[in-house]
>>> print(open('model34.cif').read())   # mmCIF, C-alpha atoms
data_input
loop_
_atom_site.label_atom_id
_atom_site.label_comp_id
_atom_site.auth_asym_id
_atom_site.auth_seq_id
_atom_site.Cartn_x
_atom_site.Cartn_y
_atom_site.Cartn_z
CA MET A 69 0.00 0.00 0.00
CA SER A 70 1.48 3.37 -1.05
CA TRP A 71 1.74 6.34 1.30
CA THR A 72 -1.09 8.14 -0.48
CA GLN A 73 -3.37 5.15 0.01
CA LYS A 74 -2.40 5.00 3.70
CA VAL A 75 -3.18 8.68 4.10
CA ARG A 76 -6.55 8.20 2.45
CA CYS A 77 -7.32 5.22 4.72
CA HIS A 78 -6.50 7.27 7.85
CA VAL A 79 -8.55 10.17 6.55
CA ARG A 80 -11.55 7.95 5.82
CA ALA A 81 -11.30 6.42 9.31
CA ALA A 82 -11.15 9.85 10.95
CA ARG A 83 -14.05 11.15 8.91
CA GLY A 84 -16.07 8.01 9.69
CA ALA A 85 -15.52 8.53 13.41
CA ALA A 86 -16.43 12.18 13.04
CA ARG A 87 -19.66 11.31 11.23
CA ARG A 88 -20.63 8.83 13.97
CA ALA A 89 -20.04 11.48 16.61
CA GLY A 90 -21.79 14.33 14.78
CA GLU A 91 -21.70 16.47 11.69
CA LEU A 92 -18.43 17.44 10.09
CA PRO A 93 -17.49 21.11 10.00
CA GLU A 94 -19.48 22.90 7.32
CA ASN A 95 -16.57 25.01 6.04
CA PRO A 96 -13.24 23.16 6.15
CA GLY A 97 -11.90 25.50 3.48
CA PRO A 98 -12.84 26.91 0.07
CA PRO A 99 -13.37 23.90 -2.20
CA PRO A 100 -11.61 23.86 -5.58
CA SER A 101 -13.76 23.94 -8.69
CA GLY A 102 -13.52 23.66 -12.45
CA PHE A 103 -12.42 27.31 -12.66
CA THR A 104 -8.93 26.21 -11.53
CA LEU A 105 -8.53 24.21 -14.76
CA LEU A 106 -9.86 26.83 -17.18
CA PRO A 107 -6.66 28.94 -17.53
CA TRP A 108 -4.95 25.98 -19.21
CA LEU A 109 -7.21 26.52 -22.21
CA LEU A 110 -4.78 29.28 -23.15
CA LEU A 111 -2.65 26.49 -24.65
CA GLY A 112 -5.15 26.50 -27.48
CA MET A 113 -4.62 30.15 -28.33
CA GLY A 114 -2.15 29.17 -31.07
CA ALA A 115 -4.81 27.13 -32.85
CA PHE A 116 -7.30 29.95 -32.35
CA SER A 117 -4.79 32.39 -33.89
CA ASN A 118 -4.32 30.08 -36.89
CA LEU A 119 -8.05 30.23 -37.59
CA PHE A 120 -8.08 34.05 -37.74
CA GLN A 121 -4.90 34.25 -39.83
CA ASP A 122 -6.27 31.84 -42.47
CA GLN A 123 -3.49 29.36 -41.75
CA THR A 124 -5.96 26.51 -41.24
CA PRO A 125 -7.58 24.58 -44.14
CA ASN A 126 -11.36 24.34 -43.84
CA PRO A 127 -11.52 26.95 -41.06
CA TRP A 128 -15.20 26.28 -40.33
CA ILE A 129 -14.41 22.66 -39.53
CA GLY A 130 -11.51 23.81 -37.34
CA ALA A 131 -13.71 26.37 -35.55
CA LEU A 132 -16.42 23.77 -34.94
CA GLY A 133 -13.79 21.34 -33.63
CA LEU A 134 -12.31 24.02 -31.36
CA LEU A 135 -15.75 24.87 -29.98
CA THR A 136 -16.51 21.20 -29.40
CA PHE A 137 -13.16 20.61 -27.69
CA ASN A 138 -13.58 23.59 -25.37
CA SER A 139 -17.14 22.60 -24.49
CA LEU A 140 -16.19 19.00 -23.66
CA TYR A 141 -13.11 20.13 -21.70
CA ILE A 142 -15.15 22.57 -19.58
CA HIS A 143 -17.81 19.90 -19.01
CA VAL A 144 -15.23 17.37 -17.75
CA ALA A 145 -13.35 20.00 -15.71
CA PHE A 146 -16.38 21.09 -13.71
CA ARG A 147 -17.59 17.54 -13.12
CA ALA A 148 -14.16 16.34 -11.97
CA PHE A 149 -14.37 17.97 -8.52
CA ARG A 150 -17.28 15.93 -7.18
CA ARG A 151 -16.97 12.19 -6.82
CA GLN A 152 -20.56 11.47 -7.87
CA THR A 153 -20.29 13.43 -11.11
CA ARG A 154 -16.64 12.46 -11.71
CA GLU A 155 -17.52 8.76 -11.73
CA ALA A 156 -20.75 9.21 -13.70
CA ARG A 157 -21.09 7.54 -17.09
CA SER A 158 -21.73 10.89 -18.81
CA THR A 159 -18.35 12.21 -17.66
CA ARG A 160 -16.54 9.13 -18.97
CA VAL A 161 -18.39 9.45 -22.31
CA ALA A 162 -17.46 13.13 -22.52
CA LEU A 163 -13.80 12.21 -21.85
CA VAL A 164 -13.84 9.65 -24.68
CA LEU A 165 -15.40 12.20 -27.04
CA LEU A 166 -12.77 14.73 -25.98
CA ALA A 167 -10.04 12.23 -26.88
CA ALA A 168 -11.63 11.61 -30.28
CA VAL A 169 -11.93 15.33 -31.09
CA THR A 170 -8.32 15.92 -29.95
CA CYS A 171 -7.02 13.15 -32.20
CA ALA A 172 -9.04 14.42 -35.17
CA LEU A 173 -7.89 18.03 -34.81
CA ALA A 174 -4.24 17.14 -34.10
CA ALA A 175 -4.08 14.61 -36.93
CA GLY A 176 -5.79 16.96 -39.38
CA TYR A 177 -3.89 20.16 -38.64
CA GLY A 178 -0.73 19.40 -36.59
CA GLY A 179 1.36 22.35 -35.41
CA ASN A 180 -0.27 24.28 -32.59
CA TRP A 181 -3.21 21.87 -32.61
CA LEU A 182 -0.96 19.20 -31.13
CA LEU A 183 -0.99 21.15 -27.84
CA PHE A 184 -4.53 19.90 -27.28
CA PHE A 185 -3.01 16.57 -26.21
CA PRO A 186 -1.55 17.99 -22.94
CA LEU A 187 -4.99 19.50 -22.30
CA LEU A 188 -6.52 16.06 -22.87
CA GLY A 189 -4.03 14.62 -20.39
CA LEU A 190 -4.96 17.29 -17.84
CA ALA A 191 -8.66 16.49 -18.19
CA THR A 192 -7.90 12.76 -17.97
CA GLY A 193 -5.91 13.15 -14.74
CA ALA A 194 -8.64 15.32 -13.17
CA ALA A 195 -11.43 12.91 -14.09
CA LEU A 196 -9.78 9.57 -13.30
CA ARG A 197 -7.67 10.34 -10.19
CA LEU A 198 -6.86 6.78 -9.05
CA SER A 199 -9.24 4.76 -11.18
CA HIS A 200 -7.23 3.17 -14.06
CA LEU A 201 -5.01 6.25 -14.14
CA ARG A 202 -1.70 4.63 -15.14
CA PRO A 203 -2.91 2.52 -18.07
CA VAL A 204 -5.23 5.22 -19.40
CA GLY A 205 -2.61 7.97 -18.90
CA THR A 206 -0.01 5.87 -20.68
CA ALA A 207 -2.43 5.13 -23.52
CA VAL A 208 -3.19 8.85 -23.97
CA ALA A 209 0.55 9.65 -23.99
CA VAL A 210 1.26 6.93 -26.58
CA LEU A 211 -1.63 8.19 -28.72
CA ALA A 212 -0.27 11.75 -28.49
CA GLY A 213 3.22 10.52 -29.41
CA ALA A 214 1.94 8.58 -32.43
CA VAL A 215 -0.06 11.50 -33.85
CA SER A 216 2.76 13.97 -33.12
CA PHE A 217 5.37 11.67 -34.69
CA PHE A 218 3.22 11.57 -37.84
CA HIS A 219 3.53 15.38 -38.14
CA ASP A 220 6.84 16.31 -36.50
CA GLY A 221 8.87 13.11 -36.48
CA TRP A 222 10.92 12.48 -33.35
CA GLY A 223 10.12 15.98 -32.15
CA GLY A 224 6.62 14.69 -31.45
CA LEU A 225 7.97 12.83 -28.43
CA ASP A 226 7.96 16.15 -26.58
CA ILE A 227 4.17 16.25 -26.94
CA ALA A 228 3.92 12.65 -25.68
CA TYR A 229 6.04 13.48 -22.64
CA ALA A 230 4.08 16.69 -21.92
CA THR A 231 0.81 14.74 -22.19
CA TRP A 232 1.95 12.02 -19.76
CA ILE A 233 3.33 14.57 -17.28
CA SER A 234 0.16 16.69 -17.35
CA THR A 235 -1.96 13.60 -16.75
CA MET A 236 0.01 12.29 -13.75
CA VAL A 237 0.79 15.67 -12.15
CA THR A 238 -2.82 16.83 -12.39
CA ALA A 239 -4.08 13.61 -10.79
CA ALA A 240 -1.47 13.86 -8.01
CA ILE A 241 -2.28 17.51 -7.27
CA MET A 242 -6.01 16.83 -7.24
CA ARG A 243 -5.59 13.87 -4.88
CA LEU A 244 -3.30 15.88 -2.60
CA SER A 245 -5.71 18.81 -2.51
CA GLU A 246 -8.59 16.51 -1.63
CA ALA A 247 -6.54 14.78 1.09
CA VAL A 248 -5.53 18.13 2.61
CA ARG A 249 -9.13 19.29 2.80
CA GLU A 250 -10.23 16.00 4.36
CA LEU A 251 -7.41 16.13 6.89
CA ARG A 252 -8.29 19.72 7.75
CA ALA A 253 -11.93 18.77 8.25
CA ALA A 254 -10.96 15.76 10.36
CA ARG A 255 -8.59 17.88 12.46
CA GLN A 256 -11.31 20.46 13.14
CA GLU A 257 -13.75 17.72 14.07
CA LEU A 258 -11.26 16.07 16.42
CA ALA A 259 -10.60 19.44 18.05
CA ARG A 260 -14.34 19.97 18.49
CA ARG A 261 -14.75 16.53 20.01
CA ALA A 262 -11.81 17.15 22.37
CA VAL A 263 -13.48 20.33 23.60
CA GLU A 264 -16.78 18.50 24.09
CA LYS A 265 -15.02 15.70 25.95
CA GLU A 266 -13.31 18.16 28.31
CA ARG A 267 -16.56 20.04 28.84
CA LEU A 268 -18.34 16.78 29.67
CA ARG A 269 -15.58 15.76 32.10
CA PHE A 270 -15.62 19.09 33.87
CA SER A 271 -19.41 19.29 34.15
CA ARG A 272 -19.59 15.72 35.44
CA ASP A 273 -16.85 16.28 38.02
CA LEU A 274 -18.35 19.61 39.08
CA HIS A 275 -21.78 18.01 39.56
CA ASP A 276 -20.35 15.15 41.60
CA LEU A 277 -18.15 17.41 43.70
CA LEU A 278 -20.53 20.28 44.46
CA GLY A 279 -23.63 18.12 44.82
CA HIS A 280 -22.06 16.09 47.60
CA THR A 281 -20.17 18.94 49.26
CA MET A 282 -23.12 21.32 49.41
CA SER A 283 -25.34 18.57 50.80
CA VAL A 284 -22.83 17.86 53.58
CA ILE A 285 -22.46 21.57 54.37
CA VAL A 286 -26.25 22.03 54.55
CA VAL A 287 -26.70 18.99 56.80
CA LYS A 288 -23.90 20.01 59.15
CA SER A 289 -25.13 23.62 59.25
CA GLU A 290 -28.58 22.41 60.29
CA ALA A 291 -26.99 20.19 62.94
CA ALA A 292 -24.90 23.10 64.25
CA ARG A 293 -28.00 25.30 64.43
CA ARG A 294 -29.89 22.67 66.42
CA LEU A 295 -26.97 22.04 68.79
CA ALA A 296 -26.02 25.68 69.36
CA ALA A 297 -28.84 26.27 71.88
CA PHE A 298 -27.85 23.51 74.35
CA ASP A 299 -24.44 22.05 73.34
CA LEU A 300 -22.07 24.74 72.09
CA ASP A 301 -19.06 22.40 71.94
CA ALA A 302 -20.89 19.95 69.67
CA ALA A 303 -22.05 22.85 67.48
CA LEU A 304 -18.47 24.07 67.21
CA ASP A 305 -17.39 20.57 66.16
CA GLN A 306 -19.95 20.68 63.33
CA ILE A 307 -18.75 24.13 62.29
CA THR A 308 -15.16 22.84 62.27
CA ASP A 309 -16.29 20.00 60.02
CA ILE A 310 -17.97 22.52 57.71
CA GLU A 311 -14.71 24.43 57.43
CA SER A 312 -12.80 21.22 56.69
CA VAL A 313 -15.33 20.15 54.05
CA GLY A 314 -15.17 23.58 52.44
CA ARG A 315 -11.38 23.56 52.24
CA GLN A 316 -11.38 20.05 50.81
CA ALA A 317 -13.99 21.11 48.26
CA LEU A 318 -11.76 23.97 47.10
CA THR A 319 -8.88 21.53 46.61
CA GLU A 320 -11.07 19.10 44.67
CA ILE A 321 -12.45 21.84 42.43
CA ARG A 322 -8.91 22.95 41.59
CA GLU A 323 -8.07 19.33 40.75
CA ALA A 324 -11.17 19.01 38.60
CA VAL A 325 -10.27 22.18 36.70
CA THR A 326 -6.77 20.90 35.96
CA GLY A 327 -7.96 17.37 35.14
CA TYR A 328 -6.21 15.61 38.03
CA ARG A 329 -9.27 14.80 40.12
CA ARG A 330 -9.22 11.16 41.26
CA GLY A 331 -11.79 9.59 43.56
CA SER A 332 -10.84 7.56 46.61
CA LEU A 333 -13.05 4.86 48.13
CA ASP A 334 -11.55 5.20 51.61
CA THR A 335 -11.97 8.98 51.55
CA GLU A 336 -15.61 8.72 50.47
CA LEU A 337 -16.35 6.13 53.14
CA ASP A 338 -14.85 8.46 55.77
CA ARG A 339 -17.05 11.26 54.48
CA ALA A 340 -20.07 9.02 54.63
CA HIS A 341 -19.24 8.28 58.29
CA SER A 342 -19.28 12.05 58.87
CA ALA A 343 -22.23 13.16 56.72
CA LEU A 344 -24.84 10.46 57.41
CA PRO A 345 -24.77 10.59 61.24
CA ALA A 346 -24.99 14.40 61.04
CA ALA A 347 -28.21 13.93 59.06
CA GLY A 348 -29.55 11.49 61.67
CA ILE A 349 -28.91 8.39 59.53
CA ARG A 350 -27.18 5.33 60.98
CA LEU A 351 -24.44 3.92 58.77
CA ALA A 352 -23.21 0.33 58.57
CA VAL A 353 -20.24 -0.53 56.36
CA THR A 354 -19.23 -4.08 55.43
CA ARG A 355 -16.09 -4.61 53.39
CA THR A 356 -14.68 -7.97 52.29
CA GLY A 357 -12.56 -9.31 49.48
CA PRO A 358 -9.07 -8.77 48.04
CA PRO A 359 -7.38 -5.38 47.52
CA LEU A 360 -8.70 -3.33 44.62
CA GLY A 361 -6.89 -1.65 41.77
CA SER A 362 -6.47 2.13 41.97
CA GLN A 363 -8.85 2.84 39.10
CA THR A 364 -11.48 0.48 40.53
CA GLU A 365 -11.23 2.22 43.91
CA ALA A 366 -11.57 5.62 42.22
CA LEU A 367 -14.72 4.60 40.34
CA LEU A 368 -16.30 3.00 43.41
CA GLY A 369 -15.46 6.17 45.35
CA TRP A 370 -17.57 8.15 42.89
CA VAL A 371 -20.43 5.67 43.36
CA VAL A 372 -20.29 6.01 47.16
CA ARG A 373 -20.18 9.81 46.91
CA GLU A 374 -23.21 10.04 44.61
CA ALA A 375 -25.24 7.42 46.49
CA VAL A 376 -24.56 8.98 49.91
CA THR A 377 -25.42 12.43 48.54
CA ASN A 378 -28.78 11.12 47.35
CA VAL A 379 -29.44 9.42 50.69
CA VAL A 380 -28.76 12.67 52.57
CA ARG A 381 -30.79 14.86 50.22
CA HIS A 382 -33.76 12.71 49.20
CA SER A 383 -34.24 9.55 51.22
CA ALA A 384 -35.62 10.61 54.62
CA ALA A 385 -33.97 7.38 55.72
CA ARG A 386 -33.03 6.25 59.22
CA GLN A 387 -30.41 3.71 58.21
CA CYS A 388 -27.97 3.18 55.32
CA GLU A 389 -25.87 0.12 54.55
CA ILE A 390 -22.77 0.12 52.34
CA THR A 391 -21.54 -3.33 51.35
CA LEU A 392 -18.38 -4.04 49.36
CA SER A 393 -17.58 -7.62 48.37
CA GLY A 394 -14.94 -8.85 45.95
CA GLY A 395 -14.31 -12.12 44.19
CA ALA A 396 -11.46 -13.45 42.09
CA GLU A 397 -12.23 -11.19 39.12
CA ARG A 398 -15.02 -8.71 39.97
CA VAL A 399 -16.09 -6.53 42.88
CA ARG A 400 -19.63 -5.49 43.83
CA LEU A 401 -20.69 -2.41 45.81
CA SER A 402 -24.20 -1.75 47.10
CA VAL A 403 -25.61 1.26 48.95
CA VAL A 404 -29.05 0.55 50.45
CA ASP A 405 -31.26 2.80 52.57
CA ASP A 406 -34.67 2.37 54.22
CA GLY A 407 -36.07 5.70 53.04
CA VAL A 408 -39.02 6.59 50.84
CA GLY A 409 -37.40 5.50 47.54
CA VAL A 410 -39.27 7.98 45.34
CA VAL A 411 -38.19 10.01 42.32
CA ALA A 412 -36.37 13.08 43.56
CA GLY A 413 -33.38 14.68 41.96
CA GLY A 414 -30.83 11.93 41.39
CA ARG A 415 -33.02 9.04 42.66
CA GLY A 416 -34.68 6.86 40.08
CA ALA A 417 -37.96 5.02 40.19
CA GLY A 418 -38.86 1.79 38.49
CA GLY A 419 -35.25 0.91 37.89
CA GLY A 420 -32.09 2.86 37.36
CA PRO A 421 -29.34 3.28 34.85
CA GLY A 422 -29.37 0.17 32.83
CA GLY A 423 -32.77 -0.93 34.15
CA SER A 424 -36.23 -0.74 32.68
CA GLY A 425 -38.18 2.35 33.30
CA ALA A 426 -35.14 4.22 34.47
CA ARG A 427 -35.49 7.86 35.35
CA ALA A 428 -32.07 8.54 36.75
CA GLY A 429 -30.66 11.96 37.45
CA THR A 430 -27.53 13.45 35.96
CA GLY A 431 -25.26 11.96 38.63
CA LEU A 432 -26.41 8.37 38.28
CA THR A 433 -26.46 8.61 34.50
CA GLY A 434 -22.88 9.89 34.46
CA LEU A 435 -21.80 7.11 36.82
CA ALA A 436 -23.47 4.49 34.64
CA GLU A 437 -21.48 5.78 31.64
CA ARG A 438 -18.20 5.77 33.59
CA LEU A 439 -18.69 2.22 34.85
CA ALA A 440 -19.85 0.93 31.46
CA ALA A 441 -16.69 2.40 29.87
CA ALA A 442 -14.63 0.45 32.43
CA GLY A 443 -16.42 -2.85 31.77
CA GLY A 444 -18.78 -2.56 34.72
CA SER A 445 -22.43 -1.76 35.37
CA LEU A 446 -24.62 0.35 37.62
CA THR A 447 -28.23 -0.20 38.64
CA ALA A 448 -30.37 2.00 40.88
CA GLY A 449 -33.98 1.94 41.94
CA PRO A 450 -36.54 1.48 44.75
CA ARG A 451 -36.57 -1.81 46.64
CA ALA A 452 -39.65 -3.99 46.96
CA ARG A 453 -39.38 -3.84 50.79
CA GLY A 454 -39.03 -0.06 50.74
CA GLY A 455 -36.07 2.21 50.46
CA PHE A 456 -33.62 2.65 47.63
CA ALA A 457 -30.64 0.65 46.39
CA VAL A 458 -27.65 1.53 44.22
CA SER A 459 -25.50 -1.39 43.02
CA ALA A 460 -22.25 -1.22 41.10
CA GLU A 461 -20.10 -4.00 39.66
CA LEU A 462 -16.59 -3.64 38.25
CA PRO A 463 -13.55 -5.72 37.32
CA LEU A 464 -11.19 -6.16 40.26
CA ASP A 465 -8.48 -4.12 38.54
CA VAL A 466 -9.48 -1.65 35.80
CA ASP A 467 -6.82 -0.46 33.37
CA ALA A 468 -6.88 3.35 33.57
CA THR A 469 -5.64 3.74 29.98
CA GLU A 470 -8.41 1.56 28.57
CA THR A 471 -11.00 3.36 30.68
CA HIS A 472 -10.00 6.79 29.46
CA SER A 473 -9.93 5.57 25.86
CA ALA A 474 -13.42 4.12 26.14
CA VAL A 475 -14.76 7.27 27.74
CA ALA A 476 -13.23 9.34 24.93
CA GLU A 477 -15.02 7.20 22.34
CA ARG A 478 -18.32 7.72 24.12
CA ALA A 479 -17.79 11.48 24.52
#
>>> encode(input="model34.cif", output="structure tokens")
Amino acid sequence: MSWTQKVRCHVRAARGAARRAGELPENPGPPPSGFTLLPWLLLGMGAFSNLFQDQTPNPWIGALGLLTFNSLYIHVAFRAFRRQTREARSTRVALVLLAAVTCALAAGYGGNWLLFFPLLGLATGAALRLSHLRPVGTAVAVLAGAVSFFHDGWGGLDIAYATWISTMVTAAIMRLSEAVRELRAARQELARRAVEKERLRFSRDLHDLLGHTMSVIVVKSEAARRLAAFDLDAALDQITDIESVGRQALTEIREAVTGYRRGSLDTELDRAHSALPAAGIRLAVTRTGPPLGSQTEALLGWVVREAVTNVVRHSAARQCEITLSGGAERVRLSVVDDGVGVVAGGRGAGGGPGGSGARAGTGLTGLAERLAAAGGSLTAGPRARGGFAVSAELPLDVDATETHSAVAERA
């Protein structure tokens, strides 16, 4: 496979990915048209001059032939810049007729009329591009050499060489121009997708961070207000926690802005131990199984954060259970409460992400996408016995590189 074919394969792959993600940019650059090939018709000015100087036998036949040649050349030139029209049968027929008229005029008159052969080669290169270019271009050059040799002897080889060069160079320039435009369009589309991916990452992280942090601050502020009247020390402890949560939130937001935000399961469990009791919810944590990979821990940390935030904000629960169990290959996390289990904000009813009748909020939907990209799953919904359950399952050790690549493809 030549380098031009490799470039075209990469371009087609990039454009295919861009089409699957959305529309390609509407204006990747001013497209070339048939007007770029019209100035070469000046090569026929010598023949045109011969007609007016009465140096051409049967001038009316020559004028009709010149008009026919120019008309066919313009027709092929303007249809050569769109693939549908370039490969149409009418364009190929016009190219054959152009070759016949060129041979007739060159064979009948010679001299300046032989310069129509390089013009024929130019039209051939523009119309064929890759399709049968070498054999057809060689055939046109041989035909030009034969007719020119008949008039000018060995000097006619110059016309044959000029015809072959014009055919191949025109095809190469047209292919290169098309490849450049496609690469430019693909580059713009990839840049647009990169911006969308970063915007999605930032909005998702900001939702997860602020949703949880603000819920904890509100709960602890309410607890401090209740305790201030009869237990000032306990109220001050809650206010100290609020300050600590606020400082940590500032750090996490800075990390989210710079793209270095990583969740931590242990950190989120510690926060759950602080936030749920402050909201009057008893917490029970059960953790079994082998050690987890860093990426798996980060993803499960996001699940705990979102689930605990929903319990604090929407559940009206009295008890919450977090269970983490791991096997030889996969780990399962469940967060279950005994609250009302109704649709409210991020809580789903009749299922959850990945379940039937799901009506999940932004947080749970984003988590479902993250876990699916890492080869896992997330389900959320009301329980039959009352309350709400969020369950996540992941491989024991997720490859961070593969996860980021999968998320990029989904973005």
>>> residues_around(input="model34.cif", residues="A:Leu163", least_positions_apart="6", cutoff="8 Å", atoms="all atoms listed in the file", output="number ranges by chain")
A: 140-141, 144, 191-192
>>> closest_residue(input="model34.cif", among="A:Ala343, A:Pro125, A:Val403, A:Ala457", to="A:Arg381", atoms="only C-alpha atoms")
A:Ala343
>>> residues_around(input="model34.cif", residues="stretch 287-297 of chain A", least_positions_apart="5", cutoff="9 Å", atoms="all atoms listed in the file", output="MDAnalysis selection string")
chainID A and resid 282 302:307 309:310 343:344 346:347 380:381
>>> resolve_selection(input="model34.cif", expression="the PyMOL selection byres ((chain A and resi 337) around 9)", output="list of chain:residue names")
A:Ser332, A:Leu333, A:Asp334, A:Thr335, A:Glu336, A:Asp338, A:Arg339, A:Ala340, A:His341, A:Ser342, A:Val353, A:Gly369, A:Val372, A:Arg373, A:Ile390
>>> atom_distance(input="model34.cif", atom1="atom CA of A:Thr377", atom2="atom CA of A:Thr281")
8.4 Å
